[in-house]
Amino acid sequence: MTMQIADSVSLASPDARARAHAAAAHDSLRTEPRAVRITIIALAMIFLSVFVVLPLVVVFAQAFSKGILAYFAALAEPEALAAIKLTLLVAAISVGLNLVFGLVAAWAIAKFEFPGKTFLITLIDLPFSVSPVISGLVFVLLFGAQGYFGGWLRDHDIQILFAVPGIALATTFVTFPFVARALIPLMQEQGTQEEEAAISLGASGLQTFFRVTLPNIKWGVLYGVLLCNARAMGEFGAVSVVSGHIRGETNTMPLLVEILYNEYQFVAAFAIASLLAMLALITLIAKTVLERHLDEGDDASDH
Amino acid sequence: MTIEVKNLVKKFGGFSALDGVDLKVNDGELLALLGPSGSGKTTLLRIIAGLDWPDAGEVSFNGEDALAQGARERHVGFVFQHYALFRHMTVFENVAFGLRVQPRAIRKDEATIRARVKELLDLVQLDWLSDRYPSQLSGGQRQRIALARALAIEPRILLLDEPFGALDAKVRKELRRWLRSLHHEIHVTSIFVTHDQEEALEVANRVVVMDKGRIEQIGSPDDVYERPASAFVHGFIGESIELPVQVEGGVVRLGDRPLALAADGIASGTSKLFVRRHDMLVGPPGSGAFEGAVQHVRNFGPVQRAEVALSGGETIEIDAPRDKELRPGDTIGLEPRRYRIFAGA
C-alpha cells in the first residue's frame, strides 16, 4: 500500500508532489485531535532524549570532567594512540576488502542470472543475523592453536589470531553486508541497458565500468562505505574474541574503552568513547547528505 | 551491408524464443520485424547486435561470420526501447561517448569529436539541448538523442528496438515520418522491431511478420496486408473477421449452413475463413453468402461498426460506410468482397 502511494507520488511532477505533501499534512491535521498529536510527539521526544541525547551528553561530560587538558592527555597516552592507529588500520583494510567484494557480489547479483543466486543473497545477510561473538569464535575455530589451520599456521610461523590479520578478518566478516546491500537494489533498478549501450558503442569492459557503471552507483558506493566504516570502527564483539587484548598492540578503540573503564580510568575511557561518538555524529551527517544525493539520482533516472 | 541469418535457434529455459529463423536483409534496406510480444523479434535483434548469443545457427554481415565478433567489434548502432541514455552525462557527452572510447590509435582529436557531435545533433535537430541531462528531455527528444548516439560510431547497421513504443500517439507519428526521411538521407541498413502493424506498414520497405519464434511471412507492406501467407498473418495485420468453417469437397460450411463461397484447392476438414471487416458488403436479406441480424451499431469516424449475429451461430463485427442505413434488429445479407480460407487453422 505504502509502496503504491510512494510510486504514484514519485511519478508526479515536483509541483504535484508538493501539493500531495501539503494535502497529506492537511489530512493529518484534520484527522488527529490536537491532544493526541501532542502526546505522540512528546512521547517520541522524551524517548529520544533519554535514550539517545542524554547518553551522548554524558559521554562528553565525563570525557571533559577533569578539564580539557586531562582530555587531551588521555588521548595522547601511547596505549590510546596505538588503539586509534589500529582501529584506523583495521577499518581501512576491511572497508577496502568489502568495497571490492561488495561491488563484485552486487554486480553478480544485479546483472546476471545464475543458479544459486537466491542462496547467495541470503548468504550476504548472514553476518547481520549471527551474533558478532559467534563470528569471532568461528575465526578462533579456524585459525586458533587447536583450530583447523592452527597447526599449519604455526609451522609456517604465521600469526593470525591475537594480531592485526585476525582483527581485520573478523571486522571484514561482520561488516561485509553494508556495501553489497547498498548496491544491490540500486544496480537492480538501473538494469543492464546502459552497459549494453556502452558496449555496442565500442567501449571495453573496463571503460564501461569506469565510465558508465561506477558513475551511476557512486553515491550508493559512498553510502555503503560510510556505514561499513562506522561499523568497522565500532565493532566490539567479534574483535574482542580474536584480539587477545594485548595492551598497546591488539586493542582497538572499543576494546580499550572497556579496559580503561574496568580500571576506573573514567576520563580516559570516555575520552576515547567521545571520539567514537564523534565518528557516529559525522557518519550521521554524511549519511543524510548522501541520502539526499541518492534520492536525486532516483528522480533523475528514466522512468 | 547485407545481413544473413540462418536457422537461428535460441531458448530461454524451456521457452523457445527463436525456433529456426532464416532471414536475408539487403543493403540499405529499412526492415521491420513485426509480431506480438514473445514472438522472438527483440531476441533476433539482440543476437544480430551481439547482445545475446544463439544456441544454434549463423549470422553473417556481408558474408563474414558475425558471431565470431562481440558486440563491441560489430559496429552496430543499437537504439534501445527505453533509450538507455547515460543518465550522468549531458546530451553532448552521450553522443560523444562512442567516439571517446575508441582505441587511442584511431581516436579523433577533441576538435573533430566536437564537430562530429555538433553535426549529429544538427541532424536530429536538437543541437540546442547539448548541455542538458537525459532526465530533462521529453520522450521524443531522448529517442532522437539515442539515435544520434548510435549514429556517432558510423554503424554498418542500425538496429532499433520498439523505437516509438514509449511515446504518445502524436509524437510517434511525427517520429515515424522523420525516421523514414532520415533513413532516406543516410541509407544505412536498418532493422526495427515493433508490435504496431501500422508503424511497420508505414515506415518499412519490407516487413517480417513473426510469431512464436518463427517467421510467418516476409514481404512488402502490400504483400503482408493484401496477400497474407498464413492464418496468423491475416489475423494479426489489419482487422479481420475470423470464422471457423468446415470444407468438404470444395463446399464451405459455417455450422450447418453451406456458404456460396469457392474453396478451390483447400483440403477438406476444419478451416478458418478470414474476411477484412470493410470487405463485408451489406445487402438485402437473402443476398450474399451470409445472413444475420444487426445487434449494435456504433460510429467510428468515416465508418460505422455493426455487430451482426450470423445465422449459423457466430457473432461478427463489420465496418460499413456511414451512408448505409443499419439499425439494430435489421436482418441483412452479407457478401465478402474478398476472403481467404486457411486449411487446418
# chains A, B, ... in the order shown; residues from 1 in each chain; ligands from 1
$ residues_around --residues "Trp107 (chain A)" --least-positions-apart "3" --cutoff "9 Å" --atoms "only C-alpha atoms" --output "PDB file with N, CA and C atoms, in the first residue's frame"
ATOM      1  N   GLY A 102      32.008  -6.364  -2.073  1.00  0.00           N
ATOM      2  CA  GLY A 102      30.628  -5.883  -2.137  1.00  0.00           C
ATOM      3  C   GLY A 102      30.247  -5.511  -3.552  1.00  0.00           C
ATOM      4  N   LEU A 103      31.154  -4.805  -4.245  1.00  0.00           N
ATOM      5  CA  LEU A 103      30.910  -4.428  -5.634  1.00  0.00           C
ATOM      6  C   LEU A 103      30.744  -5.674  -6.503  1.00  0.00           C
ATOM      7  N   VAL A 104      31.659  -6.631  -6.323  1.00  0.00           N
ATOM      8  CA  VAL A 104      31.616  -7.850  -7.134  1.00  0.00           C
ATOM      9  C   VAL A 104      30.312  -8.614  -6.875  1.00  0.00           C
ATOM     10  N   ALA A 110      23.006  -8.355  -9.354  1.00  0.00           N
ATOM     11  CA  ALA A 110      22.110  -7.435 -10.050  1.00  0.00           C
ATOM     12  C   ALA A 110      22.122  -7.640 -11.559  1.00  0.00           C
ATOM     13  N   LYS A 111      23.247  -8.054 -12.127  1.00  0.00           N
ATOM     14  CA  LYS A 111      23.338  -8.024 -13.587  1.00  0.00           C
ATOM     15  C   LYS A 111      23.308  -9.401 -14.237  1.00  0.00           C
ATOM     16  N   PHE A 112      23.392 -10.467 -13.460  1.00  0.00           N
ATOM     17  CA  PHE A 112      23.397 -11.789 -14.087  1.00  0.00           C
ATOM     18  C   PHE A 112      22.358 -12.699 -13.458  1.00  0.00           C
ATOM     19  N   ALA A 180      27.473  -4.318  -0.190  1.00  0.00           N
ATOM     20  CA  ALA A 180      26.650  -5.120  -1.101  1.00  0.00           C
ATOM     21  C   ALA A 180      25.174  -4.744  -0.974  1.00  0.00           C
ATOM     22  N   LEU A 183      24.255  -1.550  -2.656  1.00  0.00           N
ATOM     23  CA  LEU A 183      24.355  -1.510  -4.113  1.00  0.00           C
ATOM     24  C   LEU A 183      23.344  -2.396  -4.841  1.00  0.00           C
ATOM     25  N   ILE A 184      22.976  -3.534  -4.239  1.00  0.00           N
ATOM     26  CA  ILE A 184      22.137  -4.489  -4.973  1.00  0.00           C
ATOM     27  C   ILE A 184      20.827  -3.862  -5.469  1.00  0.00           C
ATOM     28  N   MET A 187      21.590  -1.255  -8.251  1.00  0.00           N
ATOM     29  CA  MET A 187      22.021  -1.807  -9.535  1.00  0.00           C
ATOM     30  C   MET A 187      20.899  -2.589 -10.205  1.00  0.00           C
ATOM     31  N   GLN A 188      20.066  -3.252  -9.378  1.00  0.00           N
ATOM     32  CA  GLN A 188      18.943  -3.978  -9.977  1.00  0.00           C
ATOM     33  C   GLN A 188      17.988  -3.011 -10.649  1.00  0.00           C
TER      34      GLN A 188
END
$ interface_residues --of "chain A" --to "chain B" --cutoff "6 Å" --atoms "only C-alpha atoms" --output "PyMOL selection string"
chain A and resi 193-194+199-203+300
$ write_last_selection --atoms "all heavy atoms" --output "tab-separated table (two decimals), in the first residue's frame"
chain	number	residue	atom	x	y	z
A	193	GLN	N	20.93	-2.01	-19.31
A	193	GLN	CA	20.84	-1.40	-20.64
A	193	GLN	C	21.92	-0.38	-20.92
A	193	GLN	O	22.44	-0.32	-22.03
A	193	GLN	CB	19.46	-0.77	-20.81
A	193	GLN	CG	18.39	-1.83	-20.99
A	193	GLN	CD	17.41	-1.49	-22.09
A	193	GLN	OE1	16.98	-0.35	-22.21
A	193	GLN	NE2	17.06	-2.45	-22.90
A	194	GLU	N	22.28	0.42	-19.91
A	194	GLU	CA	23.31	1.41	-20.18
A	194	GLU	C	24.64	0.74	-20.48
A	194	GLU	O	25.40	1.19	-21.33
A	194	GLU	CB	23.44	2.38	-19.00
A	194	GLU	CG	22.29	3.37	-18.94
A	194	GLU	CD	22.45	4.40	-17.84
A	194	GLU	OE1	23.54	4.97	-17.70
A	194	GLU	OE2	21.48	4.63	-17.13
A	199	ILE	N	28.72	-0.94	-24.55
A	199	ILE	CA	29.48	-1.97	-25.27
A	199	ILE	C	29.17	-1.91	-26.77
A	199	ILE	O	30.07	-2.00	-27.61
A	199	ILE	CB	29.18	-3.36	-24.68
A	199	ILE	CG1	29.85	-3.47	-23.31
A	199	ILE	CG2	29.68	-4.47	-25.60
A	199	ILE	CD1	29.40	-4.65	-22.50
A	200	SER	N	27.90	-1.70	-27.11
A	200	SER	CA	27.57	-1.64	-28.54
A	200	SER	C	28.17	-0.38	-29.18
A	200	SER	O	28.34	-0.32	-30.39
A	200	SER	CB	26.06	-1.71	-28.76
A	200	SER	OG	25.47	-0.46	-28.54
A	201	LEU	N	28.52	0.62	-28.36
A	201	LEU	CA	29.17	1.81	-28.90
A	201	LEU	C	30.69	1.63	-28.95
A	201	LEU	O	31.41	2.56	-29.30
A	201	LEU	CB	28.83	3.03	-28.05
A	201	LEU	CG	27.39	3.53	-28.19
A	201	LEU	CD1	27.06	4.54	-27.11
A	201	LEU	CD2	27.16	4.14	-29.56
A	202	GLY	N	31.16	0.44	-28.57
A	202	GLY	CA	32.58	0.13	-28.75
A	202	GLY	C	33.40	0.23	-27.48
A	202	GLY	O	34.62	0.15	-27.54
A	203	ALA	N	32.77	0.41	-26.32
A	203	ALA	CA	33.54	0.53	-25.08
A	203	ALA	C	34.00	-0.85	-24.63
A	203	ALA	O	33.29	-1.84	-24.80
A	203	ALA	CB	32.69	1.18	-23.99
A	300	ALA	N	16.29	11.59	-11.18
A	300	ALA	CA	16.87	11.87	-12.49
A	300	ALA	C	16.81	10.66	-13.42
A	300	ALA	O	16.95	10.79	-14.61
A	300	ALA	CB	18.33	12.31	-12.31
$ atom_distance --atom1 "CA of Gly224 (chain A)" --atom2 "CA of Arg181 (chain A)"
7.5 Å
$ residues_around --residues "His187 (chain B)" --least-positions-apart "3" --cutoff "12 Å" --atoms "only C-alpha atoms" --output "list in words"
Met1, Asn26, Asp27, Gly28, Glu29, Leu30, Leu151, Glu154, Pro155, Arg156, Ile157, Leu158, Leu179, Arg180, Ser181, Leu182, His183, His184, Ser190 and Ile191 of chain B
$ closest_residue --among "A:Val53, A:Ala73, A:Leu120, A:Thr283" --to "Ala106 (chain A)" --atoms "only C-alpha atoms"
A:Leu120
$ residues_around --residues "Asp330 (chain B)" --least-positions-apart "3" --cutoff "9 Å" --atoms "only C-alpha atoms" --output "PyMOL selection string"
chain B and resi 292-295+326-327
$ write_last_selection --atoms "N, CA, C and O atoms" --output "PDB file, in the first residue's frame"
ATOM      1  N   GLY B 292     -27.630 -12.371 -41.416  1.00  0.00           N
ATOM      2  CA  GLY B 292     -27.506 -12.144 -39.983  1.00  0.00           C
ATOM      3  C   GLY B 292     -28.377 -11.015 -39.511  1.00  0.00           C
ATOM      4  O   GLY B 292     -28.960 -10.279 -40.319  1.00  0.00           O
ATOM      5  N   ALA B 293     -28.481 -10.874 -38.191  1.00  0.00           N
ATOM      6  CA  ALA B 293     -29.281  -9.822 -37.583  1.00  0.00           C
ATOM      7  C   ALA B 293     -28.357  -8.801 -36.930  1.00  0.00           C
ATOM      8  O   ALA B 293     -27.440  -9.172 -36.199  1.00  0.00           O
ATOM      9  N   VAL B 294     -28.620  -7.519 -37.222  1.00  0.00           N
ATOM     10  CA  VAL B 294     -27.800  -6.459 -36.642  1.00  0.00           C
ATOM     11  C   VAL B 294     -28.115  -6.343 -35.153  1.00  0.00           C
ATOM     12  O   VAL B 294     -29.280  -6.309 -34.752  1.00  0.00           O
ATOM     13  N   GLN B 295     -27.064  -6.298 -34.312  1.00  0.00           N
ATOM     14  CA  GLN B 295     -27.265  -6.194 -32.865  1.00  0.00           C
ATOM     15  C   GLN B 295     -27.026  -4.776 -32.354  1.00  0.00           C
ATOM     16  O   GLN B 295     -27.869  -4.210 -31.702  1.00  0.00           O
ATOM     17  N   LEU B 326     -28.191   1.211 -41.161  1.00  0.00           N
ATOM     18  CA  LEU B 326     -28.220  -0.031 -40.393  1.00  0.00           C
ATOM     19  C   LEU B 326     -28.850   0.272 -39.042  1.00  0.00           C
ATOM     20  O   LEU B 326     -28.488   1.246 -38.391  1.00  0.00           O
ATOM     21  N   ARG B 327     -29.830  -0.557 -38.661  1.00  0.00           N
ATOM     22  CA  ARG B 327     -30.441  -0.361 -37.345  1.00  0.00           C
ATOM     23  C   ARG B 327     -30.466  -1.694 -36.615  1.00  0.00           C
ATOM     24  O   ARG B 327     -30.626  -2.746 -37.245  1.00  0.00           O
TER      25      ARG B 327
END
$ residues_around --residues "region 273-276 of chain B" --least-positions-apart "6" --cutoff "9 Å" --atoms "only C-alpha atoms" --output "MDAnalysis selection string"
chainID B and resid 231 234:235 238:245 318:319 336:343
$ atom_distance --atom1 "CA of Phe61 (chain B)" --atom2 "CA of Glu93 (chain B)"
29.5 Å
$ select_by_dssp --residues "region 100-290 of chain B" --states "alpha helix (DSSP H)" --output "VMD selection string"
chain B and resid 100 110 to 123 139 to 151 169 to 186 197 to 203 221 to 226 231 to 236
$ atom_distance --atom1 "CA of Ala280 (chain A)" --atom2 "CA of Phe72 (chain A)"
19.8 Å
$ decode --residues "region 59-79 of chain A" --atoms "C-alpha atoms" --output "PDB file, in the first residue's frame"
ATOM      1  CA  VAL A  59      29.903  10.736  27.211  1.00  0.00           C
ATOM      2  CA  PHE A  60      31.235  14.221  26.520  1.00  0.00           C
ATOM      3  CA  ALA A  61      30.560  15.454  30.085  1.00  0.00           C
ATOM      4  CA  GLN A  62      32.566  12.577  31.565  1.00  0.00           C
ATOM      5  CA  ALA A  63      35.344  12.990  28.993  1.00  0.00           C
ATOM      6  CA  PHE A  64      35.796  16.639  29.943  1.00  0.00           C
ATOM      7  CA  SER A  65      35.050  16.203  33.689  1.00  0.00           C
ATOM      8  CA  LYS A  66      38.700  16.768  34.665  1.00  0.00           C
ATOM      9  CA  GLY A  67      39.170  19.598  32.210  1.00  0.00           C
ATOM     10  CA  ILE A  68      40.293  19.878  28.624  1.00  0.00           C
ATOM     11  CA  LEU A  69      43.956  19.207  29.409  1.00  0.00           C
ATOM     12  CA  ALA A  70      43.199  15.872  31.056  1.00  0.00           C
ATOM     13  CA  TYR A  71      41.098  15.003  27.996  1.00  0.00           C
ATOM     14  CA  PHE A  72      43.922  15.564  25.549  1.00  0.00           C
ATOM     15  CA  ALA A  73      46.455  13.967  27.896  1.00  0.00           C
ATOM     16  CA  ALA A  74      44.305  10.823  27.947  1.00  0.00           C
ATOM     17  CA  LEU A  75      44.192  10.773  24.152  1.00  0.00           C
ATOM     18  CA  ALA A  76      47.953  11.275  23.920  1.00  0.00           C
ATOM     19  CA  GLU A  77      48.697   8.156  26.007  1.00  0.00           C
ATOM     20  CA  PRO A  78      50.709   5.650  23.925  1.00  0.00           C
ATOM     21  CA  GLU A  79      48.072   2.976  24.523  1.00  0.00           C
TER      22      GLU A  79
END
